[in-house]
$ cat work.cif   # mmCIF, C-alpha atoms and all ligand atoms
data_entry
#
loop_
_atom_site.label_atom_id
_atom_site.label_comp_id
_atom_site.auth_asym_id
_atom_site.auth_seq_id
_atom_site.Cartn_x
_atom_site.Cartn_y
_atom_site.Cartn_z
CA MET A 26 34.13 9.90 31.50
CA MET A 27 33.84 8.80 27.94
CA PHE A 28 31.43 10.64 25.72
CA PHE A 29 28.20 8.92 24.90
CA GLU A 30 28.88 8.51 21.16
CA GLU A 31 32.47 7.46 21.63
CA LYS A 32 31.54 4.64 23.98
CA ARG A 33 28.86 3.46 21.56
CA ARG A 34 31.34 3.39 18.68
CA GLU A 35 33.64 1.29 20.82
CA VAL A 36 30.83 -1.15 21.64
CA MET A 37 29.88 -1.41 17.96
CA VAL A 38 33.48 -2.25 17.03
CA HIS A 39 33.45 -4.88 19.77
CA ILE A 40 30.27 -6.48 18.42
CA GLU A 41 31.34 -6.30 14.78
CA LYS A 42 33.62 -9.32 15.11
CA TYR A 43 30.73 -11.47 16.39
CA MET A 44 28.64 -10.42 13.42
CA LEU A 45 30.95 -12.06 10.93
CA GLU A 46 31.17 -15.21 13.06
CA LYS A 47 27.44 -15.49 13.68
CA MET A 48 25.94 -14.27 10.42
CA HIS A 49 25.49 -17.77 9.01
CA GLU A 50 23.33 -18.69 12.01
CA PHE A 51 20.91 -15.88 11.31
CA LEU A 52 20.86 -15.92 7.52
CA LYS A 53 20.52 -18.79 5.05
CA PRO A 54 22.76 -19.63 2.06
CA ILE A 55 21.58 -17.76 -1.02
CA ASP A 56 21.85 -20.74 -3.38
CA THR A 57 19.41 -22.88 -1.43
CA ILE A 58 17.02 -20.54 0.38
CA TRP A 59 13.48 -20.22 -1.07
CA GLN A 60 12.82 -17.75 -3.86
CA PRO A 61 9.53 -16.16 -4.97
CA SER A 62 9.46 -18.34 -8.10
CA ASP A 63 9.21 -21.45 -5.90
CA PHE A 64 5.65 -20.39 -5.08
CA LEU A 65 4.38 -18.56 -8.14
CA PRO A 66 3.01 -19.84 -11.46
CA ASP A 67 5.82 -20.39 -13.97
CA SER A 68 5.16 -18.21 -17.02
CA SER A 69 7.39 -20.37 -19.24
CA ARG A 70 5.04 -23.36 -18.95
CA ASP A 71 1.73 -24.06 -20.73
CA THR A 72 0.08 -24.61 -17.37
CA PHE A 73 0.61 -20.92 -16.56
CA PHE A 74 -2.89 -19.69 -17.34
CA ASN A 75 -4.54 -22.55 -15.50
CA GLU A 76 -2.38 -21.89 -12.47
CA ILE A 77 -3.35 -18.22 -12.51
CA LYS A 78 -6.98 -19.23 -12.68
CA GLU A 79 -6.55 -21.39 -9.61
CA LEU A 80 -4.66 -18.64 -7.82
CA GLN A 81 -7.46 -16.19 -8.57
CA GLU A 82 -10.13 -18.61 -7.43
CA SER A 83 -8.54 -19.05 -4.01
CA ALA A 84 -7.68 -15.34 -3.70
CA GLY A 85 -11.37 -14.63 -4.41
CA GLY A 86 -12.26 -16.10 -1.03
CA LEU A 87 -10.13 -13.69 1.02
CA SER A 88 -12.02 -11.06 3.00
CA TYR A 89 -11.77 -7.35 2.22
CA ASP A 90 -9.87 -6.61 5.44
CA LEU A 91 -7.44 -9.45 4.84
CA ILE A 92 -6.60 -8.15 1.37
CA ALA A 93 -6.17 -4.66 2.84
CA VAL A 94 -3.77 -5.94 5.50
CA LEU A 95 -1.85 -7.95 2.93
CA ILE A 96 -1.46 -4.87 0.73
CA GLY A 97 -0.29 -2.79 3.72
CA ASP A 98 2.20 -5.52 4.65
CA THR A 99 3.46 -5.66 1.07
CA ILE A 100 3.95 -1.90 0.86
CA THR A 101 5.80 -2.03 4.20
CA GLU A 102 8.13 -4.72 2.83
CA GLU A 103 8.61 -2.83 -0.43
CA ALA A 104 9.88 0.24 1.43
CA LEU A 105 13.09 -1.71 2.04
CA PRO A 106 15.34 1.02 0.53
CA THR A 107 14.37 3.19 3.51
CA TYR A 108 15.45 0.54 6.00
CA GLU A 109 18.73 -0.25 4.30
CA SER A 110 19.81 3.37 3.95
CA TRP A 111 18.83 4.00 7.57
CA LEU A 112 20.86 1.07 8.89
CA THR A 113 23.98 2.38 7.18
CA MET A 114 23.47 5.76 8.90
CA VAL A 115 23.54 4.29 12.41
CA ASP A 116 26.48 5.45 14.55
CA GLY A 117 29.23 2.86 14.74
CA VAL A 118 28.19 1.04 11.56
CA SER A 119 31.56 1.16 9.88
CA LYS A 120 31.53 1.72 6.14
CA ASP A 121 34.08 -1.07 5.61
CA GLU A 122 32.43 -3.31 3.00
CA GLU A 123 34.20 -6.37 4.40
CA GLY A 124 33.31 -5.48 7.98
CA GLY A 125 30.53 -7.14 9.98
CA TRP A 126 28.05 -4.29 9.88
CA MET A 127 28.06 -3.61 6.16
CA LYS A 128 28.02 -7.34 5.41
CA TRP A 129 25.11 -7.90 7.77
CA THR A 130 23.18 -4.95 6.36
CA ARG A 131 23.62 -6.08 2.75
CA TYR A 132 22.87 -9.75 3.41
CA TRP A 133 19.86 -8.91 5.58
CA THR A 134 18.52 -6.57 2.87
CA ALA A 135 19.04 -9.26 0.24
CA GLU A 136 16.91 -11.73 2.24
CA GLU A 137 14.25 -9.15 3.00
CA ASN A 138 14.00 -8.13 -0.64
CA ARG A 139 12.33 -11.46 -1.46
CA HIS A 140 9.36 -10.63 0.77
CA GLY A 141 8.02 -7.64 -1.12
CA ASP A 142 8.88 -9.34 -4.40
CA LEU A 143 6.81 -12.44 -3.64
CA LEU A 144 3.83 -10.63 -2.12
CA ASN A 145 3.71 -8.05 -4.90
CA LYS A 146 3.66 -10.70 -7.62
CA TYR A 147 0.95 -12.63 -5.82
CA LEU A 148 -1.22 -9.53 -5.44
CA TYR A 149 -0.68 -8.62 -9.08
CA LEU A 150 -1.85 -12.06 -10.21
CA SER A 151 -4.72 -12.22 -7.70
CA GLY A 152 -7.01 -9.90 -9.64
CA ARG A 153 -8.19 -8.30 -6.39
CA VAL A 154 -5.95 -5.24 -6.41
CA ASN A 155 -5.84 -1.87 -8.11
CA MET A 156 -2.11 -2.11 -8.71
CA ARG A 157 -1.62 1.48 -9.77
CA MET A 158 -3.09 2.75 -6.48
CA MET A 159 -0.94 0.36 -4.49
CA GLU A 160 2.17 1.32 -6.43
CA ILE A 161 1.53 5.00 -5.77
CA SER A 162 1.35 4.26 -2.03
CA THR A 163 4.63 2.34 -2.25
CA GLN A 164 6.38 5.15 -4.05
CA TYR A 165 5.03 7.64 -1.51
CA LEU A 166 6.17 5.54 1.43
CA ILE A 167 9.72 5.25 0.09
CA ALA A 168 9.83 8.95 -0.72
CA ASP A 169 8.40 9.93 2.70
CA GLY A 170 10.81 7.74 4.69
CA PHE A 171 10.05 7.28 8.38
CA ASP A 172 10.65 8.76 11.79
CA ILE A 173 10.90 6.03 14.39
CA GLY A 174 12.47 8.00 17.22
CA THR A 175 15.80 6.19 17.32
CA GLY A 176 18.01 8.88 15.82
CA THR A 177 21.33 7.37 14.78
CA ASP A 178 21.83 5.63 18.11
CA PRO A 179 22.72 1.95 17.54
CA TYR A 180 21.18 0.84 20.86
CA ARG A 181 17.82 2.40 20.11
CA ASN A 182 17.97 1.19 16.53
CA PHE A 183 18.59 -2.45 17.37
CA ILE A 184 16.00 -2.41 20.13
CA TYR A 185 13.62 -1.14 17.48
CA THR A 186 14.58 -3.80 14.92
CA SER A 187 14.37 -6.58 17.55
CA PHE A 188 10.82 -5.49 18.30
CA GLN A 189 9.87 -4.94 14.68
CA GLU A 190 11.13 -8.28 13.35
CA LEU A 191 9.06 -10.01 16.05
CA ALA A 192 6.04 -7.91 15.08
CA THR A 193 6.36 -8.79 11.39
CA ASN A 194 6.78 -12.44 12.34
CA VAL A 195 3.45 -12.30 14.22
CA SER A 196 1.57 -10.50 11.47
CA HIS A 197 2.79 -12.66 8.56
CA ARG A 198 2.11 -15.78 10.63
CA ARG A 199 -1.46 -14.66 11.34
CA VAL A 200 -2.11 -13.77 7.70
CA ALA A 201 -0.85 -17.27 6.86
CA SER A 202 -3.32 -18.94 9.21
CA GLN A 203 -6.26 -16.78 8.12
CA ALA A 204 -5.45 -17.39 4.46
CA LYS A 205 -5.54 -21.11 5.20
CA LYS A 206 -8.96 -20.76 6.84
CA HIS A 207 -10.20 -18.97 3.73
CA GLY A 208 -8.88 -21.84 1.59
CA ASP A 209 -5.89 -20.07 0.06
CA THR A 210 -3.12 -22.58 0.76
CA LEU A 211 -0.66 -20.90 -1.59
CA LEU A 212 -0.87 -17.55 0.23
CA SER A 213 -0.71 -19.40 3.53
CA LYS A 214 2.56 -21.11 2.53
CA MET A 215 4.00 -17.84 1.22
CA CYS A 216 3.32 -15.91 4.41
CA GLY A 217 4.58 -18.86 6.44
CA VAL A 218 8.03 -18.82 4.84
CA ILE A 219 8.23 -15.04 5.13
CA ALA A 220 7.33 -15.29 8.82
CA SER A 221 10.13 -17.76 9.42
CA ASP A 222 12.65 -15.38 7.80
CA GLU A 223 11.44 -12.66 10.18
CA ALA A 224 11.91 -14.98 13.16
CA ARG A 225 15.57 -15.57 12.21
CA HIS A 226 16.13 -11.85 11.77
CA ALA A 227 14.60 -11.18 15.18
CA LYS A 228 17.09 -13.62 16.69
CA ALA A 229 19.96 -11.70 15.13
CA TYR A 230 18.87 -8.29 16.37
CA LYS A 231 18.09 -9.67 19.83
CA TYR A 232 21.58 -11.14 19.89
CA PHE A 233 23.19 -7.77 19.07
CA ILE A 234 21.33 -6.18 21.98
CA GLU A 235 22.26 -9.07 24.25
CA LYS A 236 25.93 -8.38 23.43
CA ILE A 237 25.40 -4.68 24.11
CA PHE A 238 23.89 -5.49 27.52
CA GLU A 239 27.04 -7.49 28.35
CA VAL A 240 29.30 -4.47 27.96
CA ASP A 241 27.13 -1.36 28.46
CA ALA A 242 24.11 -2.45 30.49
CA SER A 243 23.13 0.93 31.94
CA GLU A 244 23.04 2.73 28.59
CA ALA A 245 21.24 -0.19 26.94
CA MET A 246 18.60 -0.16 29.70
CA ILE A 247 18.07 3.59 29.39
CA ALA A 248 17.75 3.24 25.61
CA PHE A 249 15.17 0.45 26.03
CA GLU A 250 13.08 2.54 28.41
CA ASP A 251 13.25 5.51 26.05
CA MET A 252 12.05 3.46 23.08
CA MET A 253 9.14 2.03 25.06
CA ARG A 254 8.13 5.46 26.35
CA LYS A 255 8.09 6.75 22.79
CA LYS A 256 6.24 3.57 21.73
CA ILE A 257 7.49 1.40 18.91
CA VAL A 258 5.88 2.87 15.81
CA MET A 259 5.52 0.70 12.76
CA PRO A 260 7.83 1.42 9.83
CA ALA A 261 4.85 2.24 7.58
CA HIS A 262 3.43 4.94 9.86
CA PHE A 263 3.71 7.46 7.00
CA LEU A 264 1.48 5.30 4.76
CA ARG A 265 -0.85 7.26 2.48
CA GLU A 266 -2.94 6.88 -0.64
CA VAL A 267 -3.22 9.10 -3.68
CA GLY A 268 -4.65 12.51 -2.79
CA LEU A 269 -4.17 12.02 0.97
CA LYS A 270 -1.67 13.58 3.34
CA ILE A 271 1.33 11.80 4.79
CA GLY A 272 0.32 9.07 7.25
CA GLN A 273 -3.43 9.32 6.60
CA THR A 274 -3.89 5.72 5.47
CA PHE A 275 -1.85 4.14 8.22
CA GLY A 276 -4.60 4.15 10.88
CA HIS A 277 -7.04 2.42 8.53
CA PHE A 278 -4.46 -0.28 7.83
CA THR A 279 -3.78 -0.91 11.54
CA ASP A 280 -7.55 -0.84 12.28
CA ALA A 281 -8.05 -3.63 9.76
CA ALA A 282 -5.16 -5.60 11.31
CA GLN A 283 -6.59 -5.11 14.82
CA ARG A 284 -10.12 -6.08 13.69
CA LEU A 285 -8.87 -9.33 12.19
CA GLY A 286 -6.57 -10.06 15.13
CA ILE A 287 -3.53 -10.04 12.84
CA TYR A 288 -1.57 -7.56 14.92
CA THR A 289 -3.16 -6.21 18.07
CA ALA A 290 -2.39 -4.20 21.19
CA VAL A 291 -2.06 -7.52 23.05
CA ASP A 292 0.59 -8.68 20.56
CA TYR A 293 2.52 -5.51 21.33
CA VAL A 294 2.55 -6.41 25.02
CA ASP A 295 3.52 -10.02 24.29
CA ILE A 296 6.50 -8.89 22.22
CA LEU A 297 7.61 -6.59 25.02
CA LYS A 298 7.36 -9.50 27.47
CA GLU A 299 9.43 -11.70 25.20
CA LEU A 300 12.18 -9.08 24.98
CA LEU A 301 12.18 -8.54 28.74
CA GLU A 302 12.61 -12.26 29.24
CA ASP A 303 15.19 -12.88 26.52
CA TRP A 304 17.39 -10.04 27.71
CA HIS A 305 16.89 -11.06 31.38
CA ILE A 306 15.99 -7.46 32.18
CA GLU A 307 14.67 -8.18 35.66
CA SER A 308 17.90 -9.77 36.88
CA ILE A 309 20.44 -7.36 35.38
CA THR A 310 22.51 -5.77 38.16
CA GLY A 311 25.36 -3.27 38.43
CA LEU A 312 23.31 -0.51 36.84
CA ASN A 313 23.67 3.18 37.51
CA GLU A 314 20.88 5.04 39.25
CA GLN A 315 19.08 6.18 36.13
CA ALA A 316 19.25 2.71 34.58
CA GLU A 317 17.85 1.17 37.78
CA LYS A 318 14.82 3.39 37.32
CA SER A 319 14.59 2.39 33.67
CA ARG A 320 14.60 -1.29 34.61
CA ASP A 321 11.85 -0.74 37.20
CA TYR A 322 9.76 1.10 34.62
CA LEU A 323 10.28 -1.67 32.05
CA VAL A 324 9.38 -4.62 34.27
CA LYS A 325 6.12 -2.97 35.30
CA LEU A 326 5.21 -1.89 31.78
CA PRO A 327 3.53 -5.08 30.44
CA ASP A 328 0.85 -5.02 33.16
CA ARG A 329 0.17 -1.36 32.59
CA LEU A 330 -0.10 -1.78 28.84
CA MET A 331 -2.30 -4.84 29.24
CA ARG A 332 -4.83 -2.84 31.28
CA VAL A 333 -4.96 -0.29 28.46
CA ALA A 334 -5.26 -3.02 25.82
CA ASP A 335 -8.18 -4.59 27.69
CA ARG A 336 -10.08 -1.33 27.63
CA MET A 337 -9.51 -0.79 23.92
CA LYS A 338 -12.51 -1.27 21.68
CA ASN A 339 -12.16 -3.01 18.38
CA PRO A 340 -12.21 -0.40 15.62
CA MET A 341 -15.39 -0.95 13.64
CA LEU A 342 -15.32 1.90 11.16
CA GLU A 343 -15.20 0.51 7.68
CA TYR A 344 -12.94 2.19 5.23
CA LYS A 345 -12.70 1.91 1.48
CA PHE A 346 -9.10 1.65 0.33
CA SER A 347 -8.28 2.89 -3.16
CA TRP A 348 -6.06 -0.20 -3.46
CA ILE A 349 -8.91 -2.69 -3.66
CA ASN A 350 -11.07 -3.28 -6.71
CA GLY A 351 -14.85 -3.39 -6.45
FE FE B 401 10.28 -8.78 5.73
FE FE B 402 12.15 -8.47 8.66
#
$ encode --input "work.cif" --output "structure tokens"
Amino acid sequence: MMFFEEKRREVMVHIEKYMLEKMHEFLKPIDTIWQPSDFLPDSSRDTFFNEIKELQESAGGLSYDLIAVLIGDTITEEALPTYESWLTMVDGVSKDEEGGWMKWTRYWTAEENRHGDLLNKYLYLSGRVNMRMMEISTQYLIADGFDIGTGTDPYRNFIYTSFQELATNVSHRRVASQAKKHGDTLLSKMCGVIASDEARHAKAYKYFIEKIFEVDASEAMIAFEDMMRKKIVMPAHFLREVGLKIGQTFGHFTDAAQRLGIYTAVDYVDILKELLEDWHIESITGLNEQAEKSRDYLVKLPDRLMRVADRMKNPMLEYKFSWING
């Protein structure tokens, strides 16, 4: 029998050729894709100060919780160095710069980098944020890294990223619609385009896992069960503010998101359901005994989690973030 890691390396080499073929379906050409400057006031024009005034007027209507969530989302996006360095550490990601894995990782990072850039500039101009406090949190989060329970296993990693890209799609989309309700159409557009990037990225990672299921279904199933048992933790779970310990701000950020309905326990279950459907988990056959059990666990999981979600109370405790002025 082949060793666990060796088989995974072989599978990763097998998938690498599809990456190069398919990359253009999941990523957009750099010359024509949107850039942060498409949305932000142009500082080289005389209209600049008026545009900032307008931006600040509409940002003034956003609720405290919404600003808090937006800051948390921005810090999460800005911790991109953590995600890029982690992807290159995954087993089977060959270090060949022309190979599919390195190309994917660099091109994906390049697209993602626009998200934090755009949101950060918006928040800076909005007048609502204590930028120094936010920047300290960002620096902390990058320095602290994360621990998402995947190790260097490619199967667990790409199950995680499939889930996480869907989760960020949901949360940016919801911020977009709430911003619109508050009358901030600029922020709404911004979060809308970011959400659609996340949707494309989710397709890519789901595709990698689909390919893995084709050639190593039992191990992929076991990996999926393991990730769901550990629970998919958000990449910013180490979030903190100045003077606080590692991870101490994270719960307040997710409470605000849950209160506003931007990312909730029900969304978690819906994402799980989507993955179960897209990977046709229920109908996969030819599994070994352990993987059969994993599949049974997975197909029953949404109902179980939904019962828990129904019992959950909305967190009401109000918290004052150091990031927000006034
Ligand atoms: Fe992003
Ligand atoms: Fe993303």
$ residues_near_ligand --input "work.cif" --ligand "ligand FE 401 (chain B)" --cutoff "7 Å" --atoms "only C-alpha atoms and all ligand atoms" --output "ChimeraX atom specification"
/A:102,137,140,193,219,223
$ atom_distance --input "work.cif" --atom1 "atom CA of Met44 of chain A" --atom2 "atom CA of Leu112 of chain A"
14.6 Å
$ closest_atom_pairs --input "work.cif" --of "segment 246-288 of chain A" --to "segment 320-332 of chain A" --cutoff "10 Å" --atoms "only C-alpha atoms" --output "CSV"
residue,atom,partner,partner_atom,distance
A:Met246,CA,A:Arg320,CA,6.4
A:Ile247,CA,A:Arg320,CA,7.9
A:Phe249,CA,A:Leu323,CA,8.0
A:Glu250,CA,A:Leu323,CA,6.2
A:Asp251,CA,A:Leu323,CA,9.8
A:Met253,CA,A:Leu323,CA,8.0
A:Arg254,CA,A:Leu323,CA,9.4
$ closest_atom_pairs --input "work.cif" --of "chain A" --to "ligand FE 402 (chain B)" --cutoff "9 Å" --atoms "all atoms listed in the file" --output "tab-separated table"
residue	atom	partner	partner_atom	distance
A:Glu102	CA	B:FE402	FE	8.0
A:Trp133	CA	B:FE402	FE	8.3
A:Thr134	CA	B:FE402	FE	8.8
A:Glu136	CA	B:FE402	FE	8.6
A:Glu137	CA	B:FE402	FE	6.1
A:His140	CA	B:FE402	FE	8.6
A:Thr186	CA	B:FE402	FE	8.2
A:Gln189	CA	B:FE402	FE	7.3
A:Glu190	CA	B:FE402	FE	4.8
A:Leu191	CA	B:FE402	FE	8.2
A:Ala192	CA	B:FE402	FE	8.9
A:Thr193	CA	B:FE402	FE	6.4
A:Asn194	CA	B:FE402	FE	7.6
A:Ile219	CA	B:FE402	FE	8.4
A:Ala220	CA	B:FE402	FE	8.4
A:Asp222	CA	B:FE402	FE	7.0
A:Glu223	CA	B:FE402	FE	4.5
A:Ala224	CA	B:FE402	FE	7.9
A:Arg225	CA	B:FE402	FE	8.6
A:His226	CA	B:FE402	FE	6.1
A:Ala227	CA	B:FE402	FE	7.5
$ residues_around --input "work.cif" --residues "Leu212 of chain A" --least-positions-apart "5" --cutoff "9 Å" --atoms "only C-alpha atoms" --output "list in words"
Phe64, Leu80, Ser83, Ala84, Leu144, Tyr147, Val200, Ala201, Ala204, Lys205 and Gly217 of chain A
$ atom_distance --input "work.cif" --atom1 "atom CA of Gly97 of chain A" --atom2 "atom CA of Glu82 of chain A"
21.7 Å
$ build_atoms --input "work.cif" --residues "segment 119-137 of chain A" --atoms "N, CA, C and O atoms" --output "PDB file, in the frame of the given file"
ATOM      1  N   SER A 119      30.399   0.733  10.661  1.00  0.00           N
ATOM      2  CA  SER A 119      31.560   1.160   9.880  1.00  0.00           C
ATOM      3  C   SER A 119      31.261   0.950   8.405  1.00  0.00           C
ATOM      4  O   SER A 119      30.477   0.082   8.034  1.00  0.00           O
ATOM      5  N   LYS A 120      31.840   1.785   7.575  1.00  0.00           N
ATOM      6  CA  LYS A 120      31.530   1.720   6.140  1.00  0.00           C
ATOM      7  C   LYS A 120      32.471   0.759   5.417  1.00  0.00           C
ATOM      8  O   LYS A 120      32.522   0.733   4.192  1.00  0.00           O
ATOM      9  N   ASP A 121      33.185  -0.062   6.192  1.00  0.00           N
ATOM     10  CA  ASP A 121      34.080  -1.070   5.610  1.00  0.00           C
ATOM     11  C   ASP A 121      33.229  -2.190   5.013  1.00  0.00           C
ATOM     12  O   ASP A 121      32.535  -2.914   5.718  1.00  0.00           O
ATOM     13  N   GLU A 122      33.284  -2.336   3.683  1.00  0.00           N
ATOM     14  CA  GLU A 122      32.430  -3.310   3.000  1.00  0.00           C
ATOM     15  C   GLU A 122      32.681  -4.742   3.470  1.00  0.00           C
ATOM     16  O   GLU A 122      31.824  -5.602   3.371  1.00  0.00           O
ATOM     17  N   GLU A 123      33.896  -5.012   3.938  1.00  0.00           N
ATOM     18  CA  GLU A 123      34.200  -6.370   4.400  1.00  0.00           C
ATOM     19  C   GLU A 123      33.908  -6.534   5.888  1.00  0.00           C
ATOM     20  O   GLU A 123      34.039  -7.619   6.438  1.00  0.00           O
ATOM     21  N   GLY A 124      33.565  -5.433   6.539  1.00  0.00           N
ATOM     22  CA  GLY A 124      33.310  -5.480   7.980  1.00  0.00           C
ATOM     23  C   GLY A 124      31.951  -6.098   8.292  1.00  0.00           C
ATOM     24  O   GLY A 124      31.098  -6.252   7.412  1.00  0.00           O
ATOM     25  N   GLY A 125      31.754  -6.449   9.549  1.00  0.00           N
ATOM     26  CA  GLY A 125      30.530  -7.140   9.980  1.00  0.00           C
ATOM     27  C   GLY A 125      29.262  -6.357   9.754  1.00  0.00           C
ATOM     28  O   GLY A 125      28.236  -6.914   9.353  1.00  0.00           O
ATOM     29  N   TRP A 126      29.301  -5.051   9.975  1.00  0.00           N
ATOM     30  CA  TRP A 126      28.050  -4.290   9.880  1.00  0.00           C
ATOM     31  C   TRP A 126      27.563  -4.129   8.459  1.00  0.00           C
ATOM     32  O   TRP A 126      26.381  -4.336   8.170  1.00  0.00           O
ATOM     33  N   MET A 127      28.493  -3.770   7.562  1.00  0.00           N
ATOM     34  CA  MET A 127      28.060  -3.610   6.160  1.00  0.00           C
ATOM     35  C   MET A 127      27.636  -4.954   5.584  1.00  0.00           C
ATOM     36  O   MET A 127      26.646  -5.051   4.861  1.00  0.00           O
ATOM     37  N   LYS A 128      28.372  -6.005   5.916  1.00  0.00           N
ATOM     38  CA  LYS A 128      28.020  -7.340   5.410  1.00  0.00           C
ATOM     39  C   LYS A 128      26.638  -7.742   5.908  1.00  0.00           C
ATOM     40  O   LYS A 128      25.795  -8.213   5.154  1.00  0.00           O
ATOM     41  N   TRP A 129      26.416  -7.559   7.208  1.00  0.00           N
ATOM     42  CA  TRP A 129      25.110  -7.900   7.770  1.00  0.00           C
ATOM     43  C   TRP A 129      23.997  -7.119   7.061  1.00  0.00           C
ATOM     44  O   TRP A 129      22.992  -7.680   6.627  1.00  0.00           O
ATOM     45  N   THR A 130      24.221  -5.808   6.943  1.00  0.00           N
ATOM     46  CA  THR A 130      23.180  -4.950   6.360  1.00  0.00           C
ATOM     47  C   THR A 130      22.859  -5.393   4.937  1.00  0.00           C
ATOM     48  O   THR A 130      21.693  -5.500   4.556  1.00  0.00           O
ATOM     49  N   ARG A 131      23.876  -5.675   4.141  1.00  0.00           N
ATOM     50  CA  ARG A 131      23.620  -6.080   2.750  1.00  0.00           C
ATOM     51  C   ARG A 131      22.961  -7.454   2.668  1.00  0.00           C
ATOM     52  O   ARG A 131      22.021  -7.659   1.897  1.00  0.00           O
ATOM     53  N   TYR A 132      23.432  -8.395   3.460  1.00  0.00           N
ATOM     54  CA  TYR A 132      22.870  -9.750   3.410  1.00  0.00           C
ATOM     55  C   TYR A 132      21.440  -9.776   3.956  1.00  0.00           C
ATOM     56  O   TYR A 132      20.575 -10.486   3.443  1.00  0.00           O
ATOM     57  N   TRP A 133      21.218  -9.000   5.020  1.00  0.00           N
ATOM     58  CA  TRP A 133      19.860  -8.910   5.580  1.00  0.00           C
ATOM     59  C   TRP A 133      18.909  -8.299   4.540  1.00  0.00           C
ATOM     60  O   TRP A 133      17.813  -8.809   4.300  1.00  0.00           O
ATOM     61  N   THR A 134      19.341  -7.226   3.900  1.00  0.00           N
ATOM     62  CA  THR A 134      18.520  -6.570   2.870  1.00  0.00           C
ATOM     63  C   THR A 134      18.211  -7.550   1.737  1.00  0.00           C
ATOM     64  O   THR A 134      17.084  -7.605   1.244  1.00  0.00           O
ATOM     65  N   ALA A 135      19.223  -8.327   1.355  1.00  0.00           N
ATOM     66  CA  ALA A 135      19.040  -9.260   0.240  1.00  0.00           C
ATOM     67  C   ALA A 135      17.975 -10.307   0.584  1.00  0.00           C
ATOM     68  O   ALA A 135      17.148 -10.667  -0.263  1.00  0.00           O
ATOM     69  N   GLU A 136      17.960 -10.776   1.830  1.00  0.00           N
ATOM     70  CA  GLU A 136      16.910 -11.730   2.240  1.00  0.00           C
ATOM     71  C   GLU A 136      15.549 -11.055   2.271  1.00  0.00           C
ATOM     72  O   GLU A 136      14.562 -11.582   1.781  1.00  0.00           O
ATOM     73  N   GLU A 137      15.515  -9.867   2.863  1.00  0.00           N
ATOM     74  CA  GLU A 137      14.250  -9.150   3.000  1.00  0.00           C
ATOM     75  C   GLU A 137      13.634  -8.812   1.647  1.00  0.00           C
ATOM     76  O   GLU A 137      12.411  -8.785   1.505  1.00  0.00           O
TER      77      GLU A 137
END
